[in-house]
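File shown: my_file36.cif (mmCIF, C-alpha atoms and all ligand atoms).
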data_coords
loop_
_atom_site.group_PDB
_atom_site.id
_atom_site.type_symbol
_atom_site.label_atom_id
_atom_site.label_comp_id
_atom_site.auth_asym_id
_atom_site.auth_seq_id
_atom_site.Cartn_x
_atom_site.Cartn_y
_atom_site.Cartn_z
ATOM 1 C CA MET A 1333 97.898 132.337 192.486
ATOM 2 C CA GLU A 1334 97.621 134.848 195.306
ATOM 3 C CA HIS A 1335 98.996 137.841 193.374
ATOM 4 C CA PRO A 1336 98.836 138.843 189.676
ATOM 5 C CA ILE A 1337 101.055 137.375 186.969
ATOM 6 C CA LEU A 1338 102.924 139.872 184.781
ATOM 7 C CA ILE A 1339 103.075 138.695 181.152
ATOM 8 C CA ILE A 1340 105.271 140.670 178.776
ATOM 9 C CA GLY A 1341 103.995 139.979 175.252
ATOM 10 C CA HIS A 1342 100.326 139.042 175.779
ATOM 11 C CA SER A 1343 99.062 140.202 172.358
ATOM 12 C CA SER A 1344 100.303 137.263 170.323
ATOM 13 C CA GLY A 1345 101.430 133.639 170.218
ATOM 14 C CA ILE A 1346 102.472 131.932 173.435
ATOM 15 C CA GLY A 1347 101.912 134.984 175.673
ATOM 16 C CA LYS A 1348 98.362 135.334 174.349
ATOM 17 C CA ALA A 1349 97.659 131.632 174.885
ATOM 18 C CA LEU A 1350 98.974 131.880 178.464
ATOM 19 C CA THR A 1351 96.925 135.019 179.159
ATOM 20 C CA ASN A 1352 93.780 133.232 177.969
ATOM 21 C CA LEU A 1353 94.620 130.083 179.965
ATOM 22 C CA LEU A 1354 95.184 131.978 183.226
ATOM 23 C CA CYS A 1355 92.303 134.445 182.833
ATOM 24 C CA ARG A 1356 89.839 131.614 182.089
ATOM 25 C CA GLN A 1357 90.782 130.235 185.546
ATOM 26 C CA GLY A 1358 90.128 133.624 187.154
ATOM 27 C CA ILE A 1359 93.832 134.318 187.737
ATOM 28 C CA GLY A 1360 94.873 137.976 187.679
ATOM 29 C CA VAL A 1361 97.104 138.951 184.727
ATOM 30 C CA ILE A 1362 98.853 142.228 183.948
ATOM 31 C CA GLY A 1363 99.614 142.009 180.220
ATOM 32 C CA VAL A 1364 102.094 144.265 178.451
ATOM 33 C CA SER A 1365 102.374 144.593 174.650
ATOM 34 C CA ARG A 1366 102.971 147.417 172.198
ATOM 35 C CA SER A 1367 99.834 146.633 170.189
ATOM 36 C CA GLU A 1368 96.311 147.017 171.534
ATOM 37 C CA VAL A 1369 94.666 143.970 173.105
ATOM 38 C CA ASN A 1370 90.877 143.783 173.043
ATOM 39 C CA GLU A 1371 90.379 140.523 174.970
ATOM 40 C CA ALA A 1372 87.772 141.157 177.667
ATOM 41 C CA PHE A 1373 88.610 139.170 180.785
ATOM 42 C CA SER A 1374 87.605 140.575 184.163
ATOM 43 C CA THR A 1375 90.993 139.557 185.633
ATOM 44 C CA LEU A 1376 93.111 141.065 182.807
ATOM 45 C CA GLN A 1377 94.721 144.487 183.015
ATOM 46 C CA SER A 1378 96.281 145.391 179.646
ATOM 47 C CA LEU A 1379 99.065 147.953 179.326
ATOM 48 C CA GLN A 1380 99.812 149.102 175.786
ATOM 49 C CA LYS A 1381 103.509 149.940 175.890
ATOM 50 C CA SER A 1382 106.953 148.527 175.258
ATOM 51 C CA VAL A 1383 108.576 146.604 178.083
ATOM 52 C CA PHE A 1384 111.266 149.310 178.163
ATOM 53 C CA ASP A 1385 108.606 151.960 178.972
ATOM 54 C CA LEU A 1386 107.351 150.137 182.065
ATOM 55 C CA THR A 1387 107.930 151.912 185.370
ATOM 56 C CA GLU A 1388 107.568 150.791 188.971
ATOM 57 C CA TYR A 1389 104.183 152.580 189.053
ATOM 58 C CA ASP A 1390 102.846 150.025 186.549
ATOM 59 C CA LEU A 1391 103.506 147.133 188.939
ATOM 60 C CA PRO A 1392 101.669 146.014 192.065
ATOM 61 C CA THR A 1393 103.566 145.569 195.354
ATOM 62 C CA ALA A 1394 103.501 141.771 195.007
ATOM 63 C CA LEU A 1395 103.628 139.468 191.978
ATOM 64 C CA SER A 1396 103.149 135.691 191.796
ATOM 65 C CA GLY A 1397 104.993 135.507 188.492
ATOM 66 C CA VAL A 1398 106.705 137.190 185.558
ATOM 67 C CA ILE A 1399 106.696 135.657 182.073
ATOM 68 C CA TYR A 1400 108.828 137.273 179.358
ATOM 69 C CA CYS A 1401 107.668 136.362 175.823
ATOM 70 C CA PRO A 1402 109.237 138.785 173.290
ATOM 71 C CA GLY A 1403 111.563 137.020 170.863
ATOM 72 C CA SER A 1404 112.845 136.982 167.299
ATOM 73 C CA ILE A 1405 113.593 134.475 164.556
ATOM 74 C CA ASN A 1406 116.131 136.312 162.440
ATOM 75 C CA LEU A 1407 117.691 133.500 160.399
ATOM 76 C CA LYS A 1408 120.535 134.487 158.066
ATOM 77 C CA PRO A 1409 123.914 133.110 157.035
ATOM 78 C CA PHE A 1410 126.550 134.353 159.485
ATOM 79 C CA ARG A 1411 128.211 136.539 156.828
ATOM 80 C CA SER A 1412 124.899 138.378 156.213
ATOM 81 C CA LEU A 1413 124.241 139.219 159.853
ATOM 82 C CA LYS A 1414 125.118 142.832 160.666
ATOM 83 C CA ILE A 1415 126.222 143.951 164.104
ATOM 84 C CA ASN A 1416 122.838 145.701 164.344
ATOM 85 C CA ASP A 1417 121.089 142.346 163.896
ATOM 86 C CA PHE A 1418 122.963 140.972 166.899
ATOM 87 C CA ASN A 1419 122.192 144.141 168.915
ATOM 88 C CA ASP A 1420 118.485 144.098 168.001
ATOM 89 C CA ASP A 1421 118.089 140.401 168.778
ATOM 90 C CA PHE A 1422 119.950 140.798 172.069
ATOM 91 C CA GLU A 1423 117.773 143.748 173.072
ATOM 92 C CA THR A 1424 114.495 141.975 172.244
ATOM 93 C CA ASN A 1425 115.339 138.549 173.624
ATOM 94 C CA ALA A 1426 117.608 139.287 176.564
ATOM 95 C CA LEU A 1427 117.823 142.947 177.658
ATOM 96 C CA GLY A 1428 114.040 143.356 177.807
ATOM 97 C CA ALA A 1429 113.959 140.458 180.267
ATOM 98 C CA VAL A 1430 116.753 142.041 182.318
ATOM 99 C CA TYR A 1431 114.875 145.358 182.340
ATOM 100 C CA VAL A 1432 111.577 143.936 183.586
ATOM 101 C CA LEU A 1433 113.172 141.589 186.114
ATOM 102 C CA GLN A 1434 115.149 144.427 187.696
ATOM 103 C CA LEU A 1435 111.917 146.433 187.876
ATOM 104 C CA ALA A 1436 109.931 143.504 189.308
ATOM 105 C CA GLU A 1437 112.515 142.096 191.765
ATOM 106 C CA LYS A 1438 110.949 143.654 194.857
ATOM 107 C CA ALA A 1439 107.399 142.633 193.902
ATOM 108 C CA LEU A 1440 108.508 139.093 192.990
ATOM 109 C CA LYS A 1441 110.251 138.689 196.331
ATOM 110 C CA ALA A 1442 107.237 140.138 198.180
ATOM 111 C CA GLY A 1443 104.945 137.668 196.390
ATOM 112 C CA LYS A 1444 107.381 134.689 196.515
ATOM 113 C CA GLY A 1445 106.834 134.595 192.781
ATOM 114 C CA SER A 1446 108.258 132.585 189.931
ATOM 115 C CA VAL A 1447 109.820 133.602 186.598
ATOM 116 C CA VAL A 1448 109.459 131.844 183.236
ATOM 117 C CA LEU A 1449 111.687 132.912 180.336
ATOM 118 C CA PHE A 1450 111.901 131.591 176.756
ATOM 119 C CA SER A 1451 115.013 130.147 175.128
ATOM 120 C CA THR A 1452 115.063 128.030 171.952
ATOM 121 C CA ILE A 1453 116.105 124.491 171.032
ATOM 122 C CA ALA A 1454 118.748 126.170 168.828
ATOM 123 C CA VAL A 1455 120.925 126.945 171.865
ATOM 124 C CA ALA A 1456 121.548 123.328 172.911
ATOM 125 C CA GLN A 1457 121.633 122.091 169.299
ATOM 126 C CA GLY A 1458 123.632 123.951 166.641
ATOM 127 C CA MET A 1459 121.517 124.902 163.618
ATOM 128 C CA PRO A 1460 122.663 126.782 160.511
ATOM 129 C CA PHE A 1461 121.648 130.476 160.242
ATOM 130 C CA HIS A 1462 120.727 130.692 163.947
ATOM 131 C CA ALA A 1463 123.878 132.509 165.186
ATOM 132 C CA SER A 1464 122.182 135.735 166.288
ATOM 133 C CA VAL A 1465 119.103 134.286 167.968
ATOM 134 C CA ALA A 1466 121.085 131.414 169.508
ATOM 135 C CA MET A 1467 123.533 133.926 171.036
ATOM 136 C CA ALA A 1468 120.715 136.040 172.465
ATOM 137 C CA LYS A 1469 118.859 133.019 173.828
ATOM 138 C CA GLY A 1470 122.106 131.602 175.201
ATOM 139 C CA ALA A 1471 122.160 134.730 177.351
ATOM 140 C CA ILE A 1472 118.636 133.894 178.550
ATOM 141 C CA GLU A 1473 119.824 130.446 179.657
ATOM 142 C CA GLY A 1474 122.743 132.006 181.589
ATOM 143 C CA LEU A 1475 120.393 134.563 183.147
ATOM 144 C CA THR A 1476 117.963 131.803 184.147
ATOM 145 C CA ARG A 1477 120.587 129.842 186.064
ATOM 146 C CA SER A 1478 122.300 132.912 187.599
ATOM 147 C CA LEU A 1479 119.084 134.479 188.881
ATOM 148 C CA ALA A 1480 117.743 131.118 190.059
ATOM 149 C CA ALA A 1481 120.829 130.912 192.288
ATOM 150 C CA GLU A 1482 120.792 134.558 193.373
ATOM 151 C CA TRP A 1483 117.071 134.639 194.219
ATOM 152 C CA ALA A 1484 116.738 131.144 195.801
ATOM 153 C CA PRO A 1485 114.861 130.111 197.824
ATOM 154 C CA THR A 1486 112.363 132.988 197.528
ATOM 155 C CA VAL A 1487 111.917 133.285 193.756
ATOM 156 C CA ARG A 1488 112.210 130.399 191.275
ATOM 157 C CA VAL A 1489 113.500 131.051 187.738
ATOM 158 C CA ASN A 1490 113.122 128.621 184.809
ATOM 159 C CA ALA A 1491 113.115 128.751 181.018
ATOM 160 C CA ILE A 1492 111.312 126.847 178.281
ATOM 161 C CA ALA A 1493 113.276 125.973 175.128
ATOM 162 C CA PRO A 1494 110.738 125.371 172.335
ATOM 163 C CA SER A 1495 111.263 124.087 168.851
ATOM 164 C CA LEU A 1496 109.217 125.567 166.001
ATOM 165 C CA THR A 1497 105.777 126.549 167.297
ATOM 166 C CA ASP A 1498 102.764 127.756 165.325
ATOM 167 C CA THR A 1499 102.617 131.467 166.236
ATOM 168 C CA PRO A 1500 102.798 134.734 164.262
ATOM 169 C CA LEU A 1501 106.541 134.837 165.024
ATOM 170 C CA ALA A 1502 107.065 131.598 163.103
ATOM 171 C CA SER A 1503 104.665 132.410 160.257
ATOM 172 C CA LYS A 1504 107.432 133.130 157.713
ATOM 173 C CA LEU A 1505 108.905 129.669 158.306
ATOM 174 C CA LEU A 1506 105.481 128.056 157.931
ATOM 175 C CA GLY A 1507 104.474 130.196 154.931
ATOM 176 C CA ASN A 1508 102.838 127.461 152.839
ATOM 177 C CA ASP A 1509 101.650 123.874 153.249
ATOM 178 C CA ALA A 1510 104.867 122.374 151.834
ATOM 179 C CA ARG A 1511 107.083 124.351 154.247
ATOM 180 C CA ALA A 1512 104.806 123.570 157.195
ATOM 181 C CA GLN A 1513 104.849 119.838 156.338
ATOM 182 C CA ALA A 1514 108.661 119.836 155.933
ATOM 183 C CA ALA A 1515 109.005 121.557 159.319
ATOM 184 C CA ALA A 1516 106.694 119.008 160.934
ATOM 185 C CA ASP A 1517 108.608 116.116 159.359
ATOM 186 C CA ARG A 1518 111.945 117.307 160.798
ATOM 187 C CA HIS A 1519 110.572 116.566 164.279
ATOM 188 C CA PRO A 1520 110.647 112.983 165.607
ATOM 189 C CA LEU A 1521 107.043 113.491 166.784
ATOM 190 C CA LYS A 1522 106.061 114.693 163.267
ATOM 191 C CA ARG A 1523 104.412 117.973 164.065
ATOM 192 C CA ILE A 1524 105.339 121.472 165.172
ATOM 193 C CA GLY A 1525 104.486 122.932 168.562
ATOM 194 C CA ARG A 1526 101.264 124.624 169.642
ATOM 195 C CA ALA A 1527 101.149 127.877 171.592
ATOM 196 C CA GLU A 1528 98.672 126.282 174.000
ATOM 197 C CA GLU A 1529 101.083 123.504 175.033
ATOM 198 C CA MET A 1530 103.836 126.082 175.672
ATOM 199 C CA ALA A 1531 101.340 128.007 177.822
ATOM 200 C CA GLU A 1532 100.426 124.871 179.790
ATOM 201 C CA LEU A 1533 104.098 124.199 180.590
ATOM 202 C CA ALA A 1534 104.584 127.842 181.590
ATOM 203 C CA GLN A 1535 101.663 127.608 184.014
ATOM 204 C CA TYR A 1536 103.040 124.351 185.416
ATOM 205 C CA LEU A 1537 106.450 125.974 185.990
ATOM 206 C CA LEU A 1538 104.824 128.968 187.701
ATOM 207 C CA GLY A 1539 103.489 126.616 190.375
ATOM 208 C CA ALA A 1540 106.265 123.979 190.455
ATOM 209 C CA SER A 1541 107.654 124.618 193.929
ATOM 210 C CA TRP A 1542 110.700 122.287 193.611
ATOM 211 C CA ILE A 1543 111.956 123.313 190.143
ATOM 212 C CA SER A 1544 114.389 126.187 189.647
ATOM 213 C CA GLY A 1545 117.306 126.954 187.350
ATOM 214 C CA GLU A 1546 116.085 124.526 184.688
ATOM 215 C CA ILE A 1547 115.855 124.901 180.918
ATOM 216 C CA ILE A 1548 113.002 122.624 179.876
ATOM 217 C CA GLY A 1549 112.876 121.517 176.232
ATOM 218 C CA LEU A 1550 109.465 121.368 174.539
ATOM 219 C CA SER A 1551 110.525 120.327 171.093
ATOM 220 C CA GLY A 1552 108.645 117.379 169.576
ATOM 221 C CA GLY A 1553 111.571 115.106 170.350
ATOM 222 C CA MET A 1554 114.204 117.327 168.687
ATOM 223 C CA GLY A 1555 116.161 117.661 171.939
ATOM 224 C CA HIS A 1556 117.594 114.158 172.290
ATOM 225 C CA ILE A 1557 116.149 111.814 169.663
ATOM 226 C CA ARG A 1558 117.561 110.772 166.267
ATOM 227 C CA LEU A 1559 115.377 108.589 164.055
HETATM 228 N N1 LIG B 1601 107.327 130.448 167.810
HETATM 229 C C1 LIG B 1601 108.417 129.700 167.755
HETATM 230 O O1 LIG B 1601 108.617 128.891 166.819
HETATM 231 C C2 LIG B 1601 109.463 129.788 168.829
HETATM 232 C C3 LIG B 1601 110.536 128.890 168.813
HETATM 233 C C4 LIG B 1601 111.520 128.990 169.780
HETATM 234 C C5 LIG B 1601 111.426 129.949 170.769
HETATM 235 N N2 LIG B 1601 110.367 130.806 170.783
HETATM 236 C C6 LIG B 1601 110.316 131.844 171.802
HETATM 237 O O2 LIG B 1601 109.079 131.827 172.493
HETATM 238 C C7 LIG B 1601 108.745 133.161 172.895
HETATM 239 C C8 LIG B 1601 107.320 133.496 172.469
HETATM 240 O O3 LIG B 1601 107.287 133.425 171.049
HETATM 241 P P1 LIG B 1601 105.977 133.646 170.166
HETATM 242 O O4 LIG B 1601 106.160 132.774 168.996
HETATM 243 O O5 LIG B 1601 104.754 133.548 171.000
HETATM 244 O O6 LIG B 1601 106.219 135.175 169.699
HETATM 245 P P2 LIG B 1601 105.211 136.282 169.123
HETATM 246 O O7 LIG B 1601 104.012 135.651 168.526
HETATM 247 O O8 LIG B 1601 106.048 137.187 168.279
HETATM 248 O O9 LIG B 1601 104.780 137.083 170.441
HETATM 249 C C9 LIG B 1601 105.697 137.918 171.087
HETATM 250 C C10 LIG B 1601 104.960 138.877 171.994
HETATM 251 O O10 LIG B 1601 105.914 139.800 172.543
HETATM 252 C C11 LIG B 1601 105.434 141.133 172.383
HETATM 253 N N3 LIG B 1601 106.564 142.044 172.321
HETATM 254 C C12 LIG B 1601 107.587 142.075 171.444
HETATM 255 N N4 LIG B 1601 108.427 143.084 171.718
HETATM 256 C C13 LIG B 1601 107.904 143.714 172.807
HETATM 257 C C14 LIG B 1601 108.302 144.846 173.568
HETATM 258 N N5 LIG B 1601 109.409 145.548 173.271
HETATM 259 N N6 LIG B 1601 107.539 145.215 174.627
HETATM 260 C C15 LIG B 1601 106.401 144.534 174.943
HETATM 261 N N7 LIG B 1601 105.988 143.457 174.254
HETATM 262 C C16 LIG B 1601 106.723 143.061 173.196
HETATM 263 C C17 LIG B 1601 104.597 141.081 171.111
HETATM 264 O O11 LIG B 1601 103.605 142.066 171.114
HETATM 265 P P3 LIG B 1601 103.722 143.502 170.408
HETATM 266 O O12 LIG B 1601 104.394 143.297 169.081
HETATM 267 O O13 LIG B 1601 102.304 143.943 170.352
HETATM 268 O O14 LIG B 1601 104.537 144.331 171.339
HETATM 269 C C18 LIG B 1601 103.921 139.728 171.282
HETATM 270 O O15 LIG B 1601 102.781 139.849 172.097
HETATM 271 C C19 LIG B 1601 109.799 134.078 172.255
HETATM 272 O O16 LIG B 1601 110.764 134.432 173.215
HETATM 273 C C20 LIG B 1601 110.402 133.222 171.178
HETATM 274 O O17 LIG B 1601 111.751 133.581 170.905
HETATM 275 C C21 LIG B 1601 109.374 130.751 169.842
#

How would this structure read if it were set down as structure tokens?
Amino acid sequence: MEHPILIIGHSSGIGKALTNLLCRQGIGVIGVSRSEVNEAFSTLQSLQKSVFDLTEYDLPTALSGVIYCPGSINLKPFRSLKINDFNDDFETNALGAVYVLQLAEKALKAGKGSVVLFSTIAVAQGMPFHASVAMAKGAIEGLTRSLAAEWAPTVRVNAIAPSLTDTPLASKLLGNDARAQAAADRHPLKRIGRAEEMAELAQYLLGASWISGEIIGLSGGMGHIRL
């Protein structure tokens, strides 16, 4: 990658795995998270702030990529979800991505960069208690296709739609061995996802010069298989 990659959410889970993967290859990463990151890579510049506090002065003139990792898993029956839940989930999952992509548009175009966003399997497949997160991630899928069209052919935009992946975000759902085993068993491939395999797909999409506007499922077979 000629220019740095901007990763929003590099302190945890998939964003952390991607930061490690890229930095180990000597690729420049600007990582943004609210909590402090102590990883010492010579090619990593860490900014401790919220995505909404980023300014144009934080960004270089050219970027090879932007990855937006913040997300939520706020699972409740529809009747228990307050309007604030929908607002909070929309802000974290969708508006933060809009904010950083508007800020980074010039640098992405200058660097002929690529964008990777995160959806969820729960957009394409209805699941109980997922109304708020599925709505917010549905917006990410619409944004992915719209921007892919608007920014083609200079900047490619794709999204990954994972199923349950072993990260701090999913820890409540994987709270004990029985829950983790039940979650694994719901997948045709009989395990949950790993942050490292999400990171590998994100790196592939960053460099995939003939893929844009796609939502790629990474879901242990949950996307299309019934056993
Ligand atoms: N894990 C799963 O099972 C799963 C399933 C489907 C989809 N996904 C999606 O995959 C993506 C990555 O998930 P993950 O499991 O890796 O999540 P995670 O472990 O919670 O990591 C999210 C990262 O985003 C950062 N972040 C959150 N709000 C931020 C803000 N306002 N400004 C800057 N950074 C912020 C967090 O750091 P700080 O808190 O330090 O800011 C953290 O580094 C998410 O979009 C998620 O919805 C995950």

Around the point (109.0, 130.8, 189.0) in the file's coordinates, collect all residues with an atom within 8 Å, using only C-alpha atoms, and return them as a PyMOL selection string. chain A and resi 1397-1398+1445-1448+1487-1490+1537-1540+1544

I want to know what sits within 7 Å of Ser1404 in chain A, based on all atoms listed in the file, with residues of the same chain fewer than 2 positions away left out; could you give that as number ranges by chain? A: 1406, 1421, 1425, 1465

Emit the selected residues as a PDB file, in the frame of the given file, including C-alpha atoms.
ATOM      1  CA  ASN A1406     116.131 136.312 162.440  1.00  0.00           C
ATOM      2  CA  ASP A1421     118.089 140.401 168.778  1.00  0.00           C
ATOM      3  CA  ASN A1425     115.339 138.549 173.624  1.00  0.00           C
ATOM      4  CA  VAL A1465     119.103 134.286 167.968  1.00  0.00           C
TER       5      VAL A1465
END

To check your reading of the model: which residues sit at most 7 Å from ligand LIG 1601 (chain B) when counting all atoms listed in the file? Write the answer as JSON, numbers by chain. {"A": [1340, 1341, 1342, 1343, 1344, 1345, 1346, 1347, 1348, 1364, 1365, 1366, 1367, 1368, 1381, 1382, 1383, 1384, 1401, 1402, 1403, 1404, 1405, 1424, 1425, 1428, 1450, 1451, 1452, 1453, 1493, 1494, 1495, 1496, 1497, 1498, 1499, 1500, 1501, 1502, 1527]}

Prev. selection, C-alpha atoms, output as a JSON list (two decimals), in the frame of the given file:
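So again-v5.json came out as:
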[["chain", "number", "residue", "atom", "x", "y", "z"],
["A", 1340, "ILE", "CA", 105.27, 140.67, 178.78],
["A", 1341, "GLY", "CA", 104.00, 139.98, 175.25],
["A", 1342, "HIS", "CA", 100.33, 139.04, 175.78],
["A", 1343, "SER", "CA", 99.06, 140.20, 172.36],
["A", 1344, "SER", "CA", 100.30, 137.26, 170.32],
["A", 1345, "GLY", "CA", 101.43, 133.64, 170.22],
["A", 1346, "ILE", "CA", 102.47, 131.93, 173.44],
["A", 1347, "GLY", "CA", 101.91, 134.98, 175.67],
["A", 1348, "LYS", "CA", 98.36, 135.33, 174.35],
["A", 1364, "VAL", "CA", 102.09, 144.26, 178.45],
["A", 1365, "SER", "CA", 102.37, 144.59, 174.65],
["A", 1366, "ARG", "CA", 102.97, 147.42, 172.20],
["A", 1367, "SER", "CA", 99.83, 146.63, 170.19],
["A", 1368, "GLU", "CA", 96.31, 147.02, 171.53],
["A", 1381, "LYS", "CA", 103.51, 149.94, 175.89],
["A", 1382, "SER", "CA", 106.95, 148.53, 175.26],
["A", 1383, "VAL", "CA", 108.58, 146.60, 178.08],
["A", 1384, "PHE", "CA", 111.27, 149.31, 178.16],
["A", 1401, "CYS", "CA", 107.67, 136.36, 175.82],
["A", 1402, "PRO", "CA", 109.24, 138.78, 173.29],
["A", 1403, "GLY", "CA", 111.56, 137.02, 170.86],
["A", 1404, "SER", "CA", 112.84, 136.98, 167.30],
["A", 1405, "ILE", "CA", 113.59, 134.48, 164.56],
["A", 1424, "THR", "CA", 114.50, 141.98, 172.24],
["A", 1425, "ASN", "CA", 115.34, 138.55, 173.62],
["A", 1428, "GLY", "CA", 114.04, 143.36, 177.81],
["A", 1450, "PHE", "CA", 111.90, 131.59, 176.76],
["A", 1451, "SER", "CA", 115.01, 130.15, 175.13],
["A", 1452, "THR", "CA", 115.06, 128.03, 171.95],
["A", 1453, "ILE", "CA", 116.10, 124.49, 171.03],
["A", 1493, "ALA", "CA", 113.28, 125.97, 175.13],
["A", 1494, "PRO", "CA", 110.74, 125.37, 172.34],
["A", 1495, "SER", "CA", 111.26, 124.09, 168.85],
["A", 1496, "LEU", "CA", 109.22, 125.57, 166.00],
["A", 1497, "THR", "CA", 105.78, 126.55, 167.30],
["A", 1498, "ASP", "CA", 102.76, 127.76, 165.32],
["A", 1499, "THR", "CA", 102.62, 131.47, 166.24],
["A", 1500, "PRO", "CA", 102.80, 134.73, 164.26],
["A", 1501, "LEU", "CA", 106.54, 134.84, 165.02],
["A", 1502, "ALA", "CA", 107.06, 131.60, 163.10],
["A", 1527, "ALA", "CA", 101.15, 127.88, 171.59]]

Expanded to explicit residues, what is the PyMOL selection byres (((chain A and resi 1551-1559) around 12) and not hetatm) for this file, as a PyMOL selection string? chain A and resi 1451-1459+1492-1497+1515-1526+1529-1530+1547-1550

Using Å and a single decimal, report how far CA of Ala1481 in chain A sits from CA of Trp1542 in chain A.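 These two atoms are separated by 13.4 Å.
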
Choose the residue, out of A:Leu1407, A:Val1369, A:Lys1444, A:Val1430, that has the smallest atom-to-atom separation from Leu1505 in chain A; count only C-alpha atoms.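 Using only C-alpha atoms, the shortest distance to Leu1505 in chain A belongs to A:Leu1407.
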
Using the chain letters and residue numbers of this document, give as an NGL selection string the residues selected by the PyMOL selection byres (((chain A and resi 1362) around 10) and not hetatm). :A and (1336-1340 or 1342 or 1351 or 1360-1361 or 1363-1364 or 1375-1379 or 1390-1392 or 1395 or 1398)

Between A:Thr1387, A:Leu1449, A:Ala1468, A:Ala1510, single out the one closest to Ala1426 in chain A, counting only C-alpha atoms.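 Looking at the shortest contact to Ala1426 in chain A, the residue is A:Ala1468.
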
Which residue is closest to Ile1359 in chain A? Choose from A:Met1333, A:Ile1399, A:Ile1472, A:Ala1531 and count all atoms listed in the file. A:Met1333

Given the point (116.2, 139.4, 188.4) in the coordinates of this file, which residues lie within 9 Å, counting all atoms listed in the file, and how would they look as a PyMOL selection string? chain A and resi 1429-1437+1440+1447+1475-1476+1478-1480+1482-1483+1489

Separation of CA of Asp1420 in chain A and CA of Arg1511 in chain A, in Å?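 Distance between the two atoms: 26.6 Å.
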
Give me the residues within 10 Å of Asp1417 in chain A as a list in words, counting only C-alpha atoms and dropping any in the same chain fewer than 5 places off. Asn1406, Lys1408, Ser1412, Phe1422, Glu1423, Ser1464 and Val1465 of chain A

Quick one, how far is CA of Asn1352 in chain A from CA of Glu1528 in chain A?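 Atom-to-atom, CA of Asn1352 in chain A and CA of Glu1528 in chain A are spaced 9.4 Å apart.
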
So for range 1344-1354 of chain A, what box centre and size do we get, axis-aligned, 5 Å extra on each of the six sides, every listed atom, Å to one decimal, as lines of an AutoDock Vina configuration file?
center_x = 98.1
center_y = 133.7
center_z = 176.7
size_x = 18.7
size_y = 17.2
size_z = 23.0

Point out the residue among A:Glu1388, A:Glu1334, A:Ala1442, A:Phe1373 with the least atom-to-atom distance to Leu1353 in chain A, counting only C-alpha atoms.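 Closest to Leu1353 in chain A, using only C-alpha atoms: A:Phe1373.
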